[in-house]
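Asker: Have a peek at entry-v5.cif (mmCIF, C-alpha atoms).
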```cif
data_target
loop_
_atom_site.group_PDB
_atom_site.id
_atom_site.type_symbol
_atom_site.label_atom_id
_atom_site.label_comp_id
_atom_site.auth_asym_id
_atom_site.auth_seq_id
_atom_site.Cartn_x
_atom_site.Cartn_y
_atom_site.Cartn_z
ATOM 1 C CA MET V 254 -28.941 14.708 -11.317
ATOM 2 C CA LYS V 255 -29.330 11.368 -13.092
ATOM 3 C CA ILE V 256 -27.321 9.310 -10.596
ATOM 4 C CA GLU V 257 -29.439 10.559 -7.679
ATOM 5 C CA ARG V 258 -32.616 9.726 -9.619
ATOM 6 C CA LEU V 259 -31.357 6.213 -10.395
ATOM 7 C CA VAL V 260 -30.555 5.533 -6.732
ATOM 8 C CA SER V 261 -33.946 6.915 -5.709
ATOM 9 C CA ILE V 262 -35.752 4.689 -8.229
ATOM 10 C CA ILE V 263 -33.936 1.640 -6.832
ATOM 11 C CA MET V 264 -34.937 2.587 -3.286
ATOM 12 C CA ILE V 265 -38.579 3.033 -4.333
ATOM 13 C CA LEU V 266 -38.618 -0.356 -6.068
ATOM 14 C CA LEU V 267 -37.097 -1.962 -2.986
ATOM 15 C CA GLU V 268 -39.894 -0.579 -0.827
ATOM 16 C CA LYS V 269 -42.814 -1.210 -3.206
ATOM 17 C CA LYS V 270 -43.689 -4.343 -5.131
ATOM 18 C CA LYS V 271 -44.589 -2.575 -8.359
ATOM 19 C CA VAL V 272 -44.518 1.044 -9.590
ATOM 20 C CA SER V 273 -45.793 2.372 -12.913
ATOM 21 C CA ALA V 274 -43.701 4.460 -15.301
ATOM 22 C CA GLU V 275 -46.229 7.280 -14.993
ATOM 23 C CA THR V 276 -45.906 7.324 -11.193
ATOM 24 C CA LEU V 277 -42.112 7.447 -11.420
ATOM 25 C CA ALA V 278 -42.249 10.160 -14.092
ATOM 26 C CA ASN V 279 -44.545 12.302 -11.920
ATOM 27 C CA THR V 280 -42.393 11.701 -8.832
ATOM 28 C CA PHE V 281 -39.189 12.913 -10.492
ATOM 29 C CA GLU V 282 -40.836 15.417 -12.854
ATOM 30 C CA VAL V 283 -39.395 13.840 -16.003
ATOM 31 C CA SER V 284 -40.912 12.152 -19.044
ATOM 32 C CA LYS V 285 -41.846 8.477 -19.207
ATOM 33 C CA ARG V 286 -39.247 8.105 -21.955
ATOM 34 C CA THR V 287 -36.591 9.260 -19.439
ATOM 35 C CA ILE V 288 -37.857 6.709 -16.902
ATOM 36 C CA TYR V 289 -37.572 3.929 -19.484
ATOM 37 C CA ARG V 290 -33.952 4.949 -20.136
ATOM 38 C CA ASP V 291 -33.290 5.016 -16.375
ATOM 39 C CA ILE V 292 -34.705 1.494 -16.010
ATOM 40 C CA ASP V 293 -32.413 0.299 -18.818
ATOM 41 C CA SER V 294 -29.436 1.853 -17.009
ATOM 42 C CA ILE V 295 -30.372 0.113 -13.757
ATOM 43 C CA CYS V 296 -30.682 -3.225 -15.537
ATOM 44 C CA MET V 297 -27.266 -2.711 -17.170
ATOM 45 C CA ALA V 298 -25.846 -2.126 -13.674
ATOM 46 C CA GLY V 299 -26.885 -5.671 -12.750
ATOM 47 C CA ILE V 300 -30.192 -5.127 -10.956
ATOM 48 C CA PRO V 301 -32.869 -7.151 -12.788
ATOM 49 C CA ILE V 302 -36.120 -5.238 -13.251
ATOM 50 C CA ARG V 303 -39.245 -6.827 -14.707
ATOM 51 C CA ALA V 304 -41.837 -4.778 -16.610
ATOM 52 C CA THR V 305 -45.489 -5.777 -16.895
ATOM 53 C CA SER V 306 -48.035 -4.041 -19.111
ATOM 54 C CA GLY V 307 -51.762 -3.411 -18.769
ATOM 55 C CA VAL V 308 -53.877 -2.406 -15.789
ATOM 56 C CA GLY V 309 -51.882 -2.757 -12.590
ATOM 57 C CA GLY V 310 -48.648 -3.081 -14.530
ATOM 58 C CA GLY V 311 -45.365 -1.371 -13.916
ATOM 59 C CA PHE V 312 -41.787 -2.028 -12.928
ATOM 60 C CA GLU V 313 -40.573 -4.287 -10.133
ATOM 61 C CA ILE V 314 -37.298 -5.815 -9.068
ATOM 62 C CA MET V 315 -37.259 -9.551 -9.727
ATOM 63 C CA PRO V 316 -38.527 -11.355 -6.614
ATOM 64 C CA ASN V 317 -35.378 -13.455 -6.319
ATOM 65 C CA PHE V 318 -33.202 -10.315 -6.247
ATOM 66 C CA LYS V 319 -33.644 -8.221 -3.121
ATOM 67 C CA ILE V 320 -31.001 -6.228 -1.300
ATOM 68 C CA ASP V 321 -30.916 -7.564 2.222
ATOM 69 C CA LYS V 322 -31.581 -4.742 4.636
ATOM 70 C CA ASN V 323 -29.659 -6.673 7.259
ATOM 71 C CA VAL V 324 -26.471 -6.080 5.275
ATOM 72 C CA PHE V 325 -26.022 -3.068 7.609
ATOM 73 C CA THR V 326 -25.698 -3.680 11.335
ATOM 74 C CA GLU V 327 -27.404 -1.491 13.911
ATOM 75 C CA ASN V 328 -24.070 0.271 14.589
ATOM 76 C CA ASP V 329 -23.448 0.752 10.855
ATOM 77 C CA LEU V 330 -26.759 2.547 10.368
ATOM 78 C CA ALA V 331 -26.340 4.653 13.510
ATOM 79 C CA THR V 332 -22.854 5.716 12.351
ATOM 80 C CA LEU V 333 -24.111 6.687 8.881
ATOM 81 C CA LEU V 334 -26.989 8.719 10.303
ATOM 82 C CA THR V 335 -24.748 10.416 12.870
ATOM 83 C CA GLY V 336 -22.383 11.587 10.156
ATOM 84 C CA LEU V 337 -25.139 12.710 7.793
ATOM 85 C CA SER V 338 -27.191 14.511 10.440
ATOM 86 C CA ASN V 339 -24.181 16.467 11.674
ATOM 87 C CA LEU V 340 -23.164 17.311 8.113
ATOM 88 C CA ALA V 341 -26.700 18.559 7.458
ATOM 89 C CA SER V 342 -26.307 21.020 10.351
ATOM 90 C CA ILE V 343 -23.328 22.597 8.566
ATOM 91 C CA ILE V 344 -24.271 22.518 4.887
ATOM 92 C CA ARG V 345 -27.877 22.824 3.779
ATOM 93 C CA GLY V 346 -28.797 20.802 0.729
ATOM 94 C CA ASP V 347 -31.398 18.423 -0.610
ATOM 95 C CA ASP V 348 -28.753 15.822 -1.467
ATOM 96 C CA ILE V 349 -27.864 15.318 2.216
ATOM 97 C CA ILE V 350 -31.537 15.124 3.218
ATOM 98 C CA HIS V 351 -32.213 12.597 0.451
ATOM 99 C CA ALA V 352 -29.204 10.531 1.534
ATOM 100 C CA MET V 353 -30.537 10.445 5.112
ATOM 101 C CA CYS V 354 -33.938 9.281 3.857
ATOM 102 C CA LYS V 355 -32.310 6.498 1.838
ATOM 103 C CA VAL V 356 -30.281 5.281 4.821
ATOM 104 C CA LYS V 357 -33.416 5.325 6.996
ATOM 105 C CA ASN V 358 -35.097 3.042 4.462
ATOM 106 C CA PHE V 359 -32.635 0.338 5.493
ATOM 107 C CA ILE V 360 -33.686 0.481 9.153
ATOM 108 C CA PRO V 361 -35.876 -2.477 10.152
ATOM 109 C CA ALA V 362 -38.884 -1.318 12.157
ATOM 110 C CA GLU V 363 -37.872 -3.349 15.202
ATOM 111 C CA GLN V 364 -34.481 -1.573 15.340
ATOM 112 C CA ALA V 365 -35.700 1.995 14.754
ATOM 113 C CA ASN V 366 -35.771 3.078 18.421
ATOM 114 C CA ALA V 367 -32.369 1.563 19.231
ATOM 115 C CA ILE V 368 -30.748 3.208 16.206
ATOM 116 C CA ALA V 369 -32.359 6.571 17.023
ATOM 117 C CA LEU V 370 -30.900 6.305 20.549
ATOM 118 C CA LYS V 371 -27.411 5.500 19.249
ATOM 119 C CA THR V 372 -27.580 8.316 16.687
ATOM 120 C CA GLY V 373 -28.351 10.811 19.448
ATOM 121 C CA GLN V 374 -25.425 9.686 21.610
ATOM 122 C CA ILE V 375 -22.883 11.595 19.524
ATOM 123 C CA TYR V 376 -23.297 15.239 18.542
ATOM 124 C CA ILE V 377 -20.610 16.939 16.496
ATOM 125 C CA ASP V 378 -20.610 20.730 16.380
ATOM 126 C CA VAL V 379 -17.699 22.050 14.327
ATOM 127 C CA SER V 380 -18.681 25.689 14.708
ATOM 128 C CA PRO V 381 -16.686 27.821 17.184
ATOM 129 C CA TRP V 382 -18.465 29.763 19.931
ATOM 130 C CA THR V 383 -18.014 32.914 17.889
ATOM 131 C CA THR V 384 -17.622 32.765 14.130
ATOM 132 C CA ASN V 385 -17.489 34.762 10.926
ATOM 133 C CA PRO V 386 -21.161 35.214 9.933
ATOM 134 C CA PHE V 387 -20.303 34.644 6.256
ATOM 135 C CA VAL V 388 -18.706 31.209 6.667
ATOM 136 C CA LYS V 389 -21.913 29.178 6.476
ATOM 137 C CA ASP V 390 -23.024 31.060 3.368
ATOM 138 C CA TYR V 391 -19.574 30.494 1.861
ATOM 139 C CA LEU V 392 -19.805 26.749 2.553
ATOM 140 C CA GLU V 393 -23.039 26.527 0.592
ATOM 141 C CA LYS V 394 -21.622 28.538 -2.317
ATOM 142 C CA ILE V 395 -18.488 26.384 -2.475
ATOM 143 C CA LYS V 396 -20.587 23.211 -2.329
ATOM 144 C CA LEU V 397 -22.669 24.551 -5.249
ATOM 145 C CA ALA V 398 -19.533 25.357 -7.235
ATOM 146 C CA LEU V 399 -18.159 21.857 -6.570
ATOM 147 C CA ASP V 400 -21.436 20.214 -7.619
ATOM 148 C CA GLU V 401 -21.721 22.222 -10.846
ATOM 149 C CA ASN V 402 -17.987 22.561 -11.687
ATOM 150 C CA ARG V 403 -18.128 26.369 -11.617
ATOM 151 C CA LEU V 404 -15.304 28.793 -10.903
ATOM 152 C CA LEU V 405 -15.184 30.861 -7.722
ATOM 153 C CA SER V 406 -14.053 34.492 -7.584
ATOM 154 C CA PHE V 407 -13.243 36.421 -4.414
ATOM 155 C CA SER V 408 -10.817 38.769 -2.715
ATOM 156 C CA TYR V 409 -8.385 37.063 -0.344
ATOM 157 C CA ILE V 410 -6.673 38.780 2.591
ATOM 158 C CA ASN V 411 -2.998 37.839 2.609
ATOM 159 C CA ARG V 412 -0.599 37.950 5.570
ATOM 160 C CA GLN V 413 0.270 41.559 4.792
ATOM 161 C CA GLY V 414 -3.393 42.549 5.103
ATOM 162 C CA ASN V 415 -3.881 43.184 1.389
ATOM 163 C CA ALA V 416 -6.989 41.988 -0.466
ATOM 164 C CA ILE V 417 -6.040 40.277 -3.736
ATOM 165 C CA LEU V 418 -8.573 39.162 -6.338
ATOM 166 C CA ARG V 419 -8.512 35.411 -6.989
ATOM 167 C CA THR V 420 -10.244 33.096 -9.444
ATOM 168 C CA VAL V 421 -10.126 29.459 -8.376
ATOM 169 C CA GLU V 422 -11.246 26.031 -9.554
ATOM 170 C CA PRO V 423 -12.521 24.454 -6.293
ATOM 171 C CA CYS V 424 -11.461 20.876 -5.559
ATOM 172 C CA GLN V 425 -12.228 20.143 -1.927
ATOM 173 C CA LEU V 426 -13.715 21.516 1.291
ATOM 174 C CA VAL V 427 -11.420 21.068 4.282
ATOM 175 C CA PHE V 428 -12.090 21.393 8.016
ATOM 176 C CA LYS V 429 -9.001 21.573 10.225
ATOM 177 C CA THR V 430 -8.270 22.948 13.685
ATOM 178 C CA ASN V 431 -11.632 24.663 14.188
ATOM 179 C CA SER V 432 -11.526 26.397 10.800
ATOM 180 C CA TRP V 433 -12.976 25.817 7.329
ATOM 181 C CA TYR V 434 -10.814 25.984 4.211
ATOM 182 C CA PHE V 435 -11.254 25.123 0.586
ATOM 183 C CA TYR V 436 -8.578 23.729 -1.681
ATOM 184 C CA GLY V 437 -8.393 24.570 -5.354
ATOM 185 C CA PHE V 438 -6.383 25.588 -8.392
ATOM 186 C CA CYS V 439 -5.648 29.330 -8.273
ATOM 187 C CA HIS V 440 -5.449 31.004 -11.683
ATOM 188 C CA LEU V 441 -3.379 33.874 -10.286
ATOM 189 C CA ARG V 442 -0.693 31.616 -8.792
ATOM 190 C CA ASN V 443 -1.086 28.885 -11.440
ATOM 191 C CA ASP V 444 -0.933 26.339 -8.648
ATOM 192 C CA TYR V 445 -3.033 24.659 -5.981
ATOM 193 C CA ARG V 446 -3.697 26.669 -2.841
ATOM 194 C CA LEU V 447 -5.546 26.268 0.465
ATOM 195 C CA PHE V 448 -7.861 29.203 1.281
ATOM 196 C CA LYS V 449 -9.198 29.947 4.758
ATOM 197 C CA LEU V 450 -12.865 30.919 4.568
ATOM 198 C CA SER V 451 -12.621 33.601 7.264
ATOM 199 C CA ARG V 452 -10.094 35.501 5.096
ATOM 200 C CA ILE V 453 -12.340 35.547 2.015
ATOM 201 C CA LEU V 454 -14.289 38.634 0.915
ATOM 202 C CA ASP V 455 -17.127 38.830 -1.650
ATOM 203 C CA LEU V 456 -17.235 35.172 -2.645
ATOM 204 C CA ASN V 457 -19.113 34.634 -5.916
ATOM 205 C CA VAL V 458 -19.969 31.542 -7.931
ATOM 206 C CA CYS V 459 -19.119 32.318 -11.562
ATOM 207 C CA ASP V 460 -21.110 31.272 -14.613
ATOM 208 C CA GLU V 461 -17.891 30.001 -16.176
ATOM 209 C CA THR V 462 -17.296 26.272 -15.689
ATOM 210 C CA TYR V 463 -14.148 24.156 -15.573
ATOM 211 C CA ILE V 464 -13.281 20.525 -16.277
ATOM 212 C CA PRO V 465 -12.563 18.606 -13.024
ATOM 213 C CA LYS V 466 -9.250 16.775 -12.966
ATOM 214 C CA ASP V 467 -7.135 14.792 -10.564
ATOM 215 C CA PHE V 468 -5.471 17.016 -8.004
ATOM 216 C CA PRO V 469 -2.662 16.564 -5.471
ATOM 217 C CA SER V 470 -3.739 16.243 -1.866
ATOM 218 C CA PRO V 471 -3.326 19.413 0.218
ATOM 219 C CA ILE V 472 -0.525 19.389 2.783
ATOM 220 C CA LEU V 473 -2.461 19.391 6.053
ATOM 221 C CA ASN V 474 0.119 17.861 8.359
ATOM 222 C CA ALA V 475 2.989 20.260 9.017
ATOM 223 C CA ASP V 476 4.585 18.148 11.753
ATOM 224 C CA GLU V 477 7.814 17.601 9.845
ATOM 225 C CA ILE V 478 8.228 21.323 9.190
ATOM 226 C CA SER V 479 7.122 22.493 12.643
ATOM 227 C CA ASN V 480 9.229 19.894 14.457
ATOM 228 C CA SER V 481 12.361 21.292 12.812
ATOM 229 C CA LEU V 482 11.478 24.794 14.075
ATOM 230 C CA LYS V 483 9.936 23.920 17.419
ATOM 231 C CA ILE V 484 11.589 24.680 20.725
ATOM 232 C CA TYR V 485 10.254 24.466 24.299
ATOM 233 C CA ILE V 486 9.864 27.541 26.453
ATOM 234 C CA THR V 487 9.275 27.857 30.196
ATOM 235 C CA LEU V 488 6.358 29.997 31.356
ATOM 236 C CA ARG V 489 5.142 31.118 34.764
ATOM 237 C CA ILE V 490 1.377 31.463 34.573
ATOM 238 C CA HIS V 491 -1.421 32.435 36.932
ATOM 239 C CA LYS V 492 -3.644 29.518 37.892
ATOM 240 C CA SER V 493 -6.580 31.094 36.025
ATOM 241 C CA LEU V 494 -4.769 30.351 32.734
ATOM 242 C CA LEU V 495 -4.187 26.665 33.406
ATOM 243 C CA GLU V 496 -7.282 25.369 31.617
ATOM 244 C CA ARG V 497 -6.356 27.317 28.483
ATOM 245 C CA MET V 498 -2.724 26.246 28.568
ATOM 246 C CA LEU V 499 -3.718 22.582 28.711
ATOM 247 C CA ASP V 500 -4.719 22.971 25.051
ATOM 248 C CA TYR V 501 -1.011 23.338 24.289
ATOM 249 C CA CYS V 502 0.729 21.063 26.767
ATOM 250 C CA SER V 503 0.244 17.961 28.904
ATOM 251 C CA ILE V 504 -0.542 18.120 32.604
ATOM 252 C CA LYS V 505 2.789 16.303 33.065
ATOM 253 C CA GLN V 506 4.529 19.489 31.910
ATOM 254 C CA VAL V 507 2.923 21.533 34.706
ATOM 255 C CA SER V 508 4.279 22.030 38.219
ATOM 256 C CA PRO V 509 2.998 24.285 41.065
ATOM 257 C CA ASP V 510 4.809 27.499 41.906
ATOM 258 C CA GLY V 511 3.359 28.778 45.153
ATOM 259 C CA ASP V 512 -0.370 28.949 45.811
ATOM 260 C CA SER V 513 -1.470 30.857 42.720
ATOM 261 C CA HIS V 514 0.976 30.100 39.911
ATOM 262 C CA TYR V 515 2.320 27.245 37.810
ATOM 263 C CA ILE V 516 5.516 26.616 35.883
ATOM 264 C CA ILE V 517 4.819 25.026 32.500
ATOM 265 C CA HIS V 518 6.832 23.921 29.467
ATOM 266 C CA VAL V 519 5.155 24.456 26.105
ATOM 267 C CA PRO V 520 6.192 24.075 22.448
ATOM 268 C CA PHE V 521 6.981 27.321 20.664
ATOM 269 C CA ILE V 522 8.053 28.502 17.195
ATOM 270 C CA ASP V 523 9.895 31.790 16.722
ATOM 271 C CA ARG V 524 7.175 33.438 14.651
ATOM 272 C CA ASP V 525 4.986 36.497 15.256
ATOM 273 C CA TYR V 526 1.876 34.332 15.654
ATOM 274 C CA TYR V 527 3.313 32.608 18.738
ATOM 275 C CA TYR V 528 4.551 35.837 20.302
ATOM 276 C CA ASP V 529 1.148 37.442 19.759
ATOM 277 C CA MET V 530 -0.518 34.459 21.408
ATOM 278 C CA LEU V 531 1.642 34.813 24.541
ATOM 279 C CA LEU V 532 1.103 38.573 24.725
ATOM 280 C CA CYS V 533 -2.665 38.112 24.731
ATOM 281 C CA PHE V 534 -2.363 36.566 28.219
ATOM 282 C CA GLY V 535 -1.072 39.885 29.578
ATOM 283 C CA GLU V 536 0.475 40.061 33.005
ATOM 284 C CA LYS V 537 -0.766 36.575 33.898
ATOM 285 C CA CYS V 538 1.904 34.922 31.736
ATOM 286 C CA GLU V 539 5.685 35.476 32.042
ATOM 287 C CA CYS V 540 8.288 33.812 29.841
ATOM 288 C CA LEU V 541 11.230 32.704 32.003
ATOM 289 C CA GLU V 542 13.387 31.133 29.294
ATOM 290 C CA PRO V 543 14.994 30.992 26.803
ATOM 291 C CA VAL V 544 16.444 34.476 27.100
ATOM 292 C CA GLN V 545 15.987 35.428 23.433
ATOM 293 C CA VAL V 546 12.238 34.748 23.565
ATOM 294 C CA ARG V 547 11.881 36.658 26.851
ATOM 295 C CA GLU V 548 13.756 39.665 25.404
ATOM 296 C CA LYS V 549 11.685 39.717 22.221
ATOM 297 C CA LEU V 550 8.470 39.604 24.244
ATOM 298 C CA ALA V 551 9.732 42.479 26.409
ATOM 299 C CA LYS V 552 10.489 44.521 23.285
ATOM 300 C CA LYS V 553 7.033 43.912 21.830
ATOM 301 C CA ALA V 554 5.401 44.777 25.166
ATOM 302 C CA SER V 555 7.391 48.048 25.300
ATOM 303 C CA GLU V 556 6.256 48.953 21.789
ATOM 304 C CA ILE V 557 2.633 48.358 22.789
ATOM 305 C CA ALA V 558 3.049 50.479 25.940
ATOM 306 C CA ALA V 559 4.687 53.283 23.924
ATOM 307 C CA MET V 560 1.773 53.320 21.494
ATOM 308 C CA TYR V 561 -0.710 53.929 24.303
ATOM 309 C CA GLN V 562 1.516 56.500 26.041
ATOM 310 C CA GLY V 563 1.731 58.499 22.817
#
```
As a first step, turn the structure in this file into structure tokens.
Answerer:
Amino acid sequence: MKIERLVSIIMILLEKKKVSAETLANTFEVSKRTIYRDIDSICMAGIPIRATSGVGGGFEIMPNFKIDKNVFTENDLATLLTGLSNLASIIRGDDIIHAMCKVKNFIPAEQANAIALKTGQIYIDVSPWTTNPFVKDYLEKIKLALDENRLLSFSYINRQGNAILRTVEPCQLVFKTNSWYFYGFCHLRNDYRLFKLSRILDLNVCDETYIPKDFPSPILNADEISNSLKIYITLRIHKSLLERMLDYCSIKQVSPDGDSHYIIHVPFIDRDYYYDMLLCFGEKCECLEPVQVREKLAKKASEIAAMYQG
């Protein structure tokens, strides 16, 4: 892409006093005519480049115009590299690798070891312990579609378990609550939708392209909706569940009940998802109140027992 080549040319000129058009053309596998046009574009952007002809000639940034490498602090550079290196572990791509190389060019030699130490102090792994094996491949396909403005086609599993064919203009990759999604304009629904990658089947990048346009931000914070539906329930749990329950409540909402159990108060919404989550704890978790939640859990448990008895 032209913009990446322009940035790369600037970085090369910052590092070297003078570079010939032929060297730049060979480096980026383009013609010298293209390099001349790139140099004109860089000059128009406000970076003065001087050209000299003859033996030993070439392009160089005017001596009185140099980007100060100290414009970034040690913490700035470490933060940039931390983000890029962790992103590179999720999505493979030359653009991320090139960006890392460009950032590293700003590191003064005397600060290299300190920045490397700081970069290694934070490691972000967004992948769950067990994951859908297709997700990483899907991420790369969606990134390709975003880069090249190409449509995506796939089958999407809805809440009823049906696979429905979708064609979507991708707008954004989203990571939220341990899961990857992508946001885009769905041709079937004629509206913007958020798609969870683990529910996608047979994702394909189409040859057909689309024109990118401004899009509304996805609704990722459902606090207002969930707060209107949320109630608190009282559970009696075995002590072996405590560490898992602390993902849903504060330790202040936990009190001992004998030597091996706890009484806890956790938020709850009257939806199948929340009932299913409680049932997965089996006999180690009992709902004490409210009565309507306890009765619905008992009914579901009876239906499960009847299925196995049959």
Asker: Any idea what's packed within 12 Å of region 528-544 of chain V, counting all atoms listed in the file, ignoring anything in its chain fewer than 5 positions away? Could you give it as a PyMOL selection string?
Answerer: chain V and resi 484-495+497-498+501+513-523+549-558
Asker: Using the selection just defined, write its residues with C-alpha atoms as an mmCIF file, in the coordinates of the input.
Answerer:
```cif
data_model
loop_
_atom_site.group_PDB
_atom_site.id
_atom_site.type_symbol
_atom_site.label_atom_id
_atom_site.label_comp_id
_atom_site.auth_asym_id
_atom_site.auth_seq_id
_atom_site.Cartn_x
_atom_site.Cartn_y
_atom_site.Cartn_z
ATOM 1 C CA ILE V 484 11.589 24.680 20.725
ATOM 2 C CA TYR V 485 10.254 24.466 24.299
ATOM 3 C CA ILE V 486 9.864 27.541 26.453
ATOM 4 C CA THR V 487 9.275 27.857 30.196
ATOM 5 C CA LEU V 488 6.358 29.997 31.356
ATOM 6 C CA ARG V 489 5.142 31.118 34.764
ATOM 7 C CA ILE V 490 1.377 31.463 34.573
ATOM 8 C CA HIS V 491 -1.421 32.435 36.932
ATOM 9 C CA LYS V 492 -3.644 29.518 37.892
ATOM 10 C CA SER V 493 -6.580 31.094 36.025
ATOM 11 C CA LEU V 494 -4.769 30.351 32.734
ATOM 12 C CA LEU V 495 -4.187 26.665 33.406
ATOM 13 C CA ARG V 497 -6.356 27.317 28.483
ATOM 14 C CA MET V 498 -2.724 26.246 28.568
ATOM 15 C CA TYR V 501 -1.011 23.338 24.289
ATOM 16 C CA SER V 513 -1.470 30.857 42.720
ATOM 17 C CA HIS V 514 0.976 30.100 39.911
ATOM 18 C CA TYR V 515 2.320 27.245 37.810
ATOM 19 C CA ILE V 516 5.516 26.616 35.883
ATOM 20 C CA ILE V 517 4.819 25.026 32.500
ATOM 21 C CA HIS V 518 6.832 23.921 29.467
ATOM 22 C CA VAL V 519 5.155 24.456 26.105
ATOM 23 C CA PRO V 520 6.192 24.075 22.448
ATOM 24 C CA PHE V 521 6.981 27.321 20.664
ATOM 25 C CA ILE V 522 8.053 28.502 17.195
ATOM 26 C CA ASP V 523 9.895 31.790 16.722
ATOM 27 C CA LYS V 549 11.685 39.717 22.221
ATOM 28 C CA LEU V 550 8.470 39.604 24.244
ATOM 29 C CA ALA V 551 9.732 42.479 26.409
ATOM 30 C CA LYS V 552 10.489 44.521 23.285
ATOM 31 C CA LYS V 553 7.033 43.912 21.830
ATOM 32 C CA ALA V 554 5.401 44.777 25.166
ATOM 33 C CA SER V 555 7.391 48.048 25.300
ATOM 34 C CA GLU V 556 6.256 48.953 21.789
ATOM 35 C CA ILE V 557 2.633 48.358 22.789
ATOM 36 C CA ALA V 558 3.049 50.479 25.940
#
```
Asker: Can you turn the PyMOL selection byres ((chain V and resi 419) around 10) into a concrete residue list for this file, as a list in words?
Answerer: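 In the shown coordinates, the PyMOL selection byres ((chain V and resi 419) around 10) covers Leu405, Ser406, Phe407, Ser408, Tyr409, Ala416, Ile417, Leu418, Thr420, Val421, Cys439, His440, Leu441, Arg442, Ile453 and Leu456 of chain V.
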Asker: Just give me the gap between CA of Ile295 (chain V) and CA of Leu333 (chain V) in Å, one decimal is fine.
Answerer: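 Rounded to one decimal, the two atoms are 24.4 Å apart.
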Asker: Please compute the CA of Gly307 (chain V)-CA of Leu277 (chain V) distance, one decimal, in Å.
Answerer: 16.3 Å
Asker: Report, in Å with one decimal, the straight-line distance from CA of Ile360 (chain V) to CA of Ile314 (chain V).
Answerer: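 Distance between the two atoms: 19.6 Å.
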Asker: Using all atoms of region 428-447 of chain V listed in the file and a margin of 8 Å per side, can you give the axis-aligned box centre and edge lengths in Å to one decimal, as JSON?
Answerer:
```
{"center_x": -6.8, "center_y": 27.6, "center_z": 1.3, "size_x": 28.3, "size_y": 28.5, "size_z": 41.9}
```
Asker: Taking the file above as input, evaluate the PyMOL selection byres ((chain V and resi 449) around 12) and report the hits as a ChimeraX atom specification.
Answerer: /V:385,388,391-392,407-412,426-437,446-448,450-454
Asker: I'd like to know which of V:Leu482, V:Ile265, V:Leu404, V:Val507 is closest to Thr462 (chain V), using only C-alpha atoms.
Answerer: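 Answer, going by the shortest atom-to-atom distance: V:Leu404.
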Asker: Can you list, as JSON, numbers by chain, the residues that the PyMOL selection byres ((chain V and resi 463) around 7) selects here?
Answerer: {"V": [402, 403, 404, 422, 461, 462, 464, 465]}
Asker: Pull the neighbourhood of (-48.2, -1.1, -7.7) for me: all residues within 10 Å in file coordinates, counting only C-alpha atoms, as JSON, numbers by chain.
Answerer: {"V": [266, 269, 270, 271, 272, 273, 276, 308, 309, 310, 311, 312, 313]}
